[in-house]
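To keep things clear, I will list the structure first and then write my remarks on it.
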Amino acid sequence: MHYTFNVRVGVHGEEENRMTLSREVVIPGMLAEYQAFGQLVRGLSDEDWDTPSRCEGWRVADVAAHVIGQLTDVAALRLDGLGTPEVTARQVEEHRGRTPGELADELDSSVKQAADLAAAFDDAAWESAAPAGVTGTLGFGIEALWFDTSLHADDIRSALGRLPSVGDALAPSLSHISQVLTDQGWGPADLALDGFEAFPVSGGGGRTVSGDAYGFVLASTGRGDTAAFGLDESVNIYR
């Protein structure tokens, strides 16, 4: 994996390093993640669809509605408020009552639109500020989509008693989490998880967090045991 550091000016005039994986890694990885998500959804039964998930108040159908509705919004450039509770709730409500096949068909169409948009991005665009309504750089926003889709695919598998299948999504997940923790003022620390180069948080240094990478993704998103890494709930990016 290749890491890039995108420098932008912060709210107080200081320079901030925003780390993402390279666009050559993130764009195809993100698109492949959505394609895999579509296959997962298309294979779900009516019983699967109504199964409660570990996302409070959401069934499997609601998890899928958010993921697919989010890419539909991105492909249509409806970006204002993306990721906020209000927009997430709208995405779920707009897709309520849809079947797995219908949502998978929508996702197929949105993936094609997203691929066409992404094909126009060069390095300068990748490192530039994201469009209005989205925080960080464009690269950070796209990497976040990969992370979010993988995490919610895992939510669905967990709800249905299936084994995890995170694959290549661990690297963008750790990259995204390290940046969100930096933005939240957590650290300094280095996320030196098994099988990966260290991801610095708040410039790196300080404590070193080691152990299973997948377990850390769960712990840092409110889905796993933070104590297993010698940490408290402050590492939960959704706290």
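Labeling convention for the structure tokens: chains A, B, ... as they appear, residues from 1 per chain, ligands from 1 in order of appearance.
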Non-local contacts of A:Arg78 (12 Å; only C-alpha atoms; under 2 positions in same chain excluded) as a ChimeraX atom specification: /A:69-76,80-83,87,91,131-134
Restricted to N, CA and C atoms, what would the selected residues look like written as a compact mmCIF listing (two decimals), in the first residue's frame?
```
# COMPACT_ATOMS: atom_id res chain seq x y z
N GLY A 69 -27.86 4.16 -0.46
CA GLY A 69 -28.35 5.53 -0.59
C GLY A 69 -27.23 6.54 -0.55
N GLN A 70 -26.18 6.25 0.23
CA GLN A 70 -25.05 7.18 0.31
C GLN A 70 -24.31 7.27 -1.02
N LEU A 71 -24.08 6.14 -1.68
CA LEU A 71 -23.40 6.21 -2.97
C LEU A 71 -24.29 6.86 -4.02
N THR A 72 -25.58 6.61 -3.95
CA THR A 72 -26.50 7.28 -4.87
C THR A 72 -26.43 8.79 -4.69
N ASP A 73 -26.37 9.25 -3.45
CA ASP A 73 -26.23 10.68 -3.19
C ASP A 73 -24.91 11.21 -3.76
N VAL A 74 -23.82 10.47 -3.53
CA VAL A 74 -22.51 10.91 -4.01
C VAL A 74 -22.50 10.98 -5.54
N ALA A 75 -23.03 9.95 -6.19
CA ALA A 75 -23.03 9.92 -7.66
C ALA A 75 -23.87 11.06 -8.23
N ALA A 76 -24.91 11.48 -7.50
CA ALA A 76 -25.76 12.58 -7.95
C ALA A 76 -25.26 13.93 -7.43
N ASP A 80 -24.39 17.75 0.53
CA ASP A 80 -24.59 18.57 1.72
C ASP A 80 -25.08 17.70 2.88
N GLY A 81 -24.35 17.74 3.98
CA GLY A 81 -24.75 16.99 5.17
C GLY A 81 -24.45 15.51 5.12
N LEU A 82 -23.71 15.07 4.11
CA LEU A 82 -23.42 13.65 3.97
C LEU A 82 -22.74 13.12 5.24
N GLY A 83 -23.24 12.02 5.75
CA GLY A 83 -22.69 11.42 6.95
C GLY A 83 -23.32 11.90 8.24
N VAL A 87 -29.09 13.11 7.32
CA VAL A 87 -28.98 12.60 5.95
C VAL A 87 -29.00 11.08 5.94
N GLN A 91 -31.62 8.64 3.93
CA GLN A 91 -31.24 7.56 3.03
C GLN A 91 -31.97 6.26 3.36
N PRO A 131 -15.53 18.69 -2.16
CA PRO A 131 -16.62 19.62 -2.51
C PRO A 131 -17.35 20.10 -1.27
N ALA A 132 -18.02 21.22 -1.40
CA ALA A 132 -18.78 21.79 -0.30
C ALA A 132 -19.73 20.75 0.28
N GLY A 133 -19.77 20.68 1.61
CA GLY A 133 -20.63 19.71 2.27
C GLY A 133 -19.89 18.48 2.76
N VAL A 134 -18.61 18.33 2.35
CA VAL A 134 -17.80 17.19 2.76
C VAL A 134 -16.51 17.71 3.38
```
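DSSP on the backbone gives strand (DSSP E) for these parts of stretch 3-163 of chain A: Tyr3, Thr4, Phe5, Asn6, Val7, Arg8, Val9, Glu15, Glu16, Asn17, Arg18, Met19, Thr20 and Leu21 of chain A.
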Mind dumping the selected residues with C-alpha atoms as a short mmCIF file (atom, residue, chain, number, x, y, z; two decimals), in the first residue's frame?
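Output (selection_29.cif):
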```cif
data_model
loop_
_atom_site.label_atom_id
_atom_site.label_comp_id
_atom_site.auth_asym_id
_atom_site.auth_seq_id
_atom_site.Cartn_x
_atom_site.Cartn_y
_atom_site.Cartn_z
CA TYR A 3 0.37 6.39 1.71
CA THR A 4 0.14 10.01 0.64
CA PHE A 5 0.13 13.04 2.92
CA ASN A 6 -2.13 15.85 1.77
CA VAL A 7 -1.25 19.26 3.22
CA ARG A 8 -3.99 21.83 3.71
CA VAL A 9 -4.38 24.95 5.84
CA GLU A 15 -0.64 23.30 8.01
CA GLU A 16 -2.28 19.93 8.59
CA ASN A 17 -1.11 16.57 7.24
CA ARG A 18 -4.03 14.46 6.10
CA MET A 19 -3.00 10.92 5.30
CA THR A 20 -4.81 8.73 2.80
CA LEU A 21 -3.83 5.78 0.73
#
```
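Among A:Thr226, A:Thr182, A:Ser158, A:Ser22, the residue with the shortest atom-to-atom distance to A:Gly139, counting only C-alpha atoms, is A:Ser22.
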Near-stretch 39-50 of chain A list (8 Å; only C-alpha atoms; drop same-chain fewer than 2 positions) as a PyMOL selection string: chain A and resi 35-37+52+59-61+64+100-101+103-104+153+160
Could those selected residues go to a file with N, CA and C atoms, as a PDB file, in the first residue's frame?
```
ATOM      1  N   GLN A  35     -19.028  -3.250  -5.376  1.00  0.00           N
ATOM      2  CA  GLN A  35     -19.483  -4.390  -6.175  1.00  0.00           C
ATOM      3  C   GLN A  35     -19.707  -5.618  -5.300  1.00  0.00           C
ATOM      4  N   ALA A  36     -18.784  -5.845  -4.357  1.00  0.00           N
ATOM      5  CA  ALA A  36     -18.932  -6.969  -3.433  1.00  0.00           C
ATOM      6  C   ALA A  36     -20.146  -6.767  -2.528  1.00  0.00           C
ATOM      7  N   PHE A  37     -20.391  -5.517  -2.130  1.00  0.00           N
ATOM      8  CA  PHE A  37     -21.551  -5.226  -1.288  1.00  0.00           C
ATOM      9  C   PHE A  37     -22.843  -5.540  -2.042  1.00  0.00           C
ATOM     10  N   PRO A  52     -32.317  -8.025  12.844  1.00  0.00           N
ATOM     11  CA  PRO A  52     -31.708  -6.885  13.541  1.00  0.00           C
ATOM     12  C   PRO A  52     -30.184  -6.923  13.416  1.00  0.00           C
ATOM     13  N   ARG A  59     -32.304  -2.735  11.017  1.00  0.00           N
ATOM     14  CA  ARG A  59     -32.286  -4.083  10.466  1.00  0.00           C
ATOM     15  C   ARG A  59     -31.206  -4.152   9.385  1.00  0.00           C
ATOM     16  N   VAL A  60     -30.957  -5.357   8.905  1.00  0.00           N
ATOM     17  CA  VAL A  60     -30.031  -5.521   7.785  1.00  0.00           C
ATOM     18  C   VAL A  60     -30.471  -4.653   6.614  1.00  0.00           C
ATOM     19  N   ALA A  61     -31.771  -4.591   6.360  1.00  0.00           N
ATOM     20  CA  ALA A  61     -32.291  -3.773   5.262  1.00  0.00           C
ATOM     21  C   ALA A  61     -31.909  -2.305   5.423  1.00  0.00           C
ATOM     22  N   ALA A  64     -28.175  -1.748   4.609  1.00  0.00           N
ATOM     23  CA  ALA A  64     -27.990  -1.734   3.154  1.00  0.00           C
ATOM     24  C   ALA A  64     -28.521  -0.445   2.541  1.00  0.00           C
ATOM     25  N   PRO A 100     -34.062  -6.630  -1.648  1.00  0.00           N
ATOM     26  CA  PRO A 100     -32.616  -6.728  -1.875  1.00  0.00           C
ATOM     27  C   PRO A 100     -32.242  -6.561  -3.343  1.00  0.00           C
ATOM     28  N   GLY A 101     -32.993  -7.171  -4.229  1.00  0.00           N
ATOM     29  CA  GLY A 101     -32.688  -7.058  -5.654  1.00  0.00           C
ATOM     30  C   GLY A 101     -32.817  -5.647  -6.171  1.00  0.00           C
ATOM     31  N   LEU A 103     -32.468  -2.850  -4.433  1.00  0.00           N
ATOM     32  CA  LEU A 103     -31.366  -2.040  -3.932  1.00  0.00           C
ATOM     33  C   LEU A 103     -30.060  -2.398  -4.631  1.00  0.00           C
ATOM     34  N   ALA A 104     -29.845  -3.680  -4.898  1.00  0.00           N
ATOM     35  CA  ALA A 104     -28.628  -4.090  -5.609  1.00  0.00           C
ATOM     36  C   ALA A 104     -28.597  -3.503  -7.016  1.00  0.00           C
ATOM     37  N   ALA A 153     -20.784  -3.810   5.608  1.00  0.00           N
ATOM     38  CA  ALA A 153     -20.863  -5.185   5.112  1.00  0.00           C
ATOM     39  C   ALA A 153     -20.581  -6.153   6.252  1.00  0.00           C
ATOM     40  N   LEU A 160     -26.017 -11.892  10.517  1.00  0.00           N
ATOM     41  CA  LEU A 160     -26.464 -13.168   9.948  1.00  0.00           C
ATOM     42  C   LEU A 160     -25.614 -14.344  10.404  1.00  0.00           C
TER      43      LEU A 160
END
```
DSSP helix (DSSP H, G or I) residues within stretch 18-223 of chain A, listed as a PyMOL selection string: chain A and resi 23-42+46-49+60-75+85-94+100-118+123-127+138-159+167-183+213-219
Surrounding residues of A:Pro172 excluding itself and chain neighbours under 3 positions, 9 Å, only C-alpha atoms, as an NGL selection string: :A and (20-21 or 26 or 143-144 or 146-147 or 168-169 or 175-177)
Could those residues be written to a file, using N, CA and C atoms, as a PDB file, in the first residue's frame?
```pdb
ATOM      1  N   THR A  20      -3.927   9.711   3.438  1.00  0.00           N
ATOM      2  CA  THR A  20      -4.806   8.734   2.803  1.00  0.00           C
ATOM      3  C   THR A  20      -3.918   7.739   2.062  1.00  0.00           C
ATOM      4  N   LEU A  21      -4.500   6.633   1.685  1.00  0.00           N
ATOM      5  CA  LEU A  21      -3.830   5.779   0.729  1.00  0.00           C
ATOM      6  C   LEU A  21      -3.869   6.469  -0.630  1.00  0.00           C
ATOM      7  N   VAL A  26      -7.056   3.480  -3.718  1.00  0.00           N
ATOM      8  CA  VAL A  26      -8.370   3.720  -3.133  1.00  0.00           C
ATOM      9  C   VAL A  26      -9.497   3.633  -4.157  1.00  0.00           C
ATOM     10  N   GLU A 143     -11.822   7.624   0.423  1.00  0.00           N
ATOM     11  CA  GLU A 143     -11.335   6.574   1.308  1.00  0.00           C
ATOM     12  C   GLU A 143     -12.374   6.262   2.391  1.00  0.00           C
ATOM     13  N   ALA A 144     -13.061   7.298   2.879  1.00  0.00           N
ATOM     14  CA  ALA A 144     -14.095   7.112   3.889  1.00  0.00           C
ATOM     15  C   ALA A 144     -15.241   6.253   3.369  1.00  0.00           C
ATOM     16  N   TRP A 146     -14.971   3.798   1.197  1.00  0.00           N
ATOM     17  CA  TRP A 146     -14.484   2.415   1.228  1.00  0.00           C
ATOM     18  C   TRP A 146     -14.600   1.853   2.646  1.00  0.00           C
ATOM     19  N   PHE A 147     -14.109   2.629   3.611  1.00  0.00           N
ATOM     20  CA  PHE A 147     -14.178   2.226   5.016  1.00  0.00           C
ATOM     21  C   PHE A 147     -15.614   1.957   5.435  1.00  0.00           C
ATOM     22  N   ASP A 168      -8.968  -6.446   1.643  1.00  0.00           N
ATOM     23  CA  ASP A 168      -8.140  -5.267   1.414  1.00  0.00           C
ATOM     24  C   ASP A 168      -8.662  -4.022   2.121  1.00  0.00           C
ATOM     25  N   ALA A 169      -9.819  -4.096   2.729  1.00  0.00           N
ATOM     26  CA  ALA A 169     -10.410  -2.902   3.339  1.00  0.00           C
ATOM     27  C   ALA A 169      -9.786  -2.541   4.684  1.00  0.00           C
ATOM     28  N   SER A 175      -6.387   3.728   7.976  1.00  0.00           N
ATOM     29  CA  SER A 175      -6.017   5.068   7.525  1.00  0.00           C
ATOM     30  C   SER A 175      -7.093   6.080   7.903  1.00  0.00           C
ATOM     31  N   HIS A 176      -8.349   5.717   7.641  1.00  0.00           N
ATOM     32  CA  HIS A 176      -9.465   6.614   7.950  1.00  0.00           C
ATOM     33  C   HIS A 176      -9.575   6.842   9.456  1.00  0.00           C
ATOM     34  N   ILE A 177      -9.516   5.776  10.217  1.00  0.00           N
ATOM     35  CA  ILE A 177      -9.655   5.888  11.665  1.00  0.00           C
ATOM     36  C   ILE A 177      -8.542   6.748  12.253  1.00  0.00           C
TER      37      ILE A 177
END
```
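Using only C-alpha atoms, the smallest distance between any of A:Ser165, A:Ser178, A:Ser173, A:Thr208 and A:Asp190 comes from A:Thr208.
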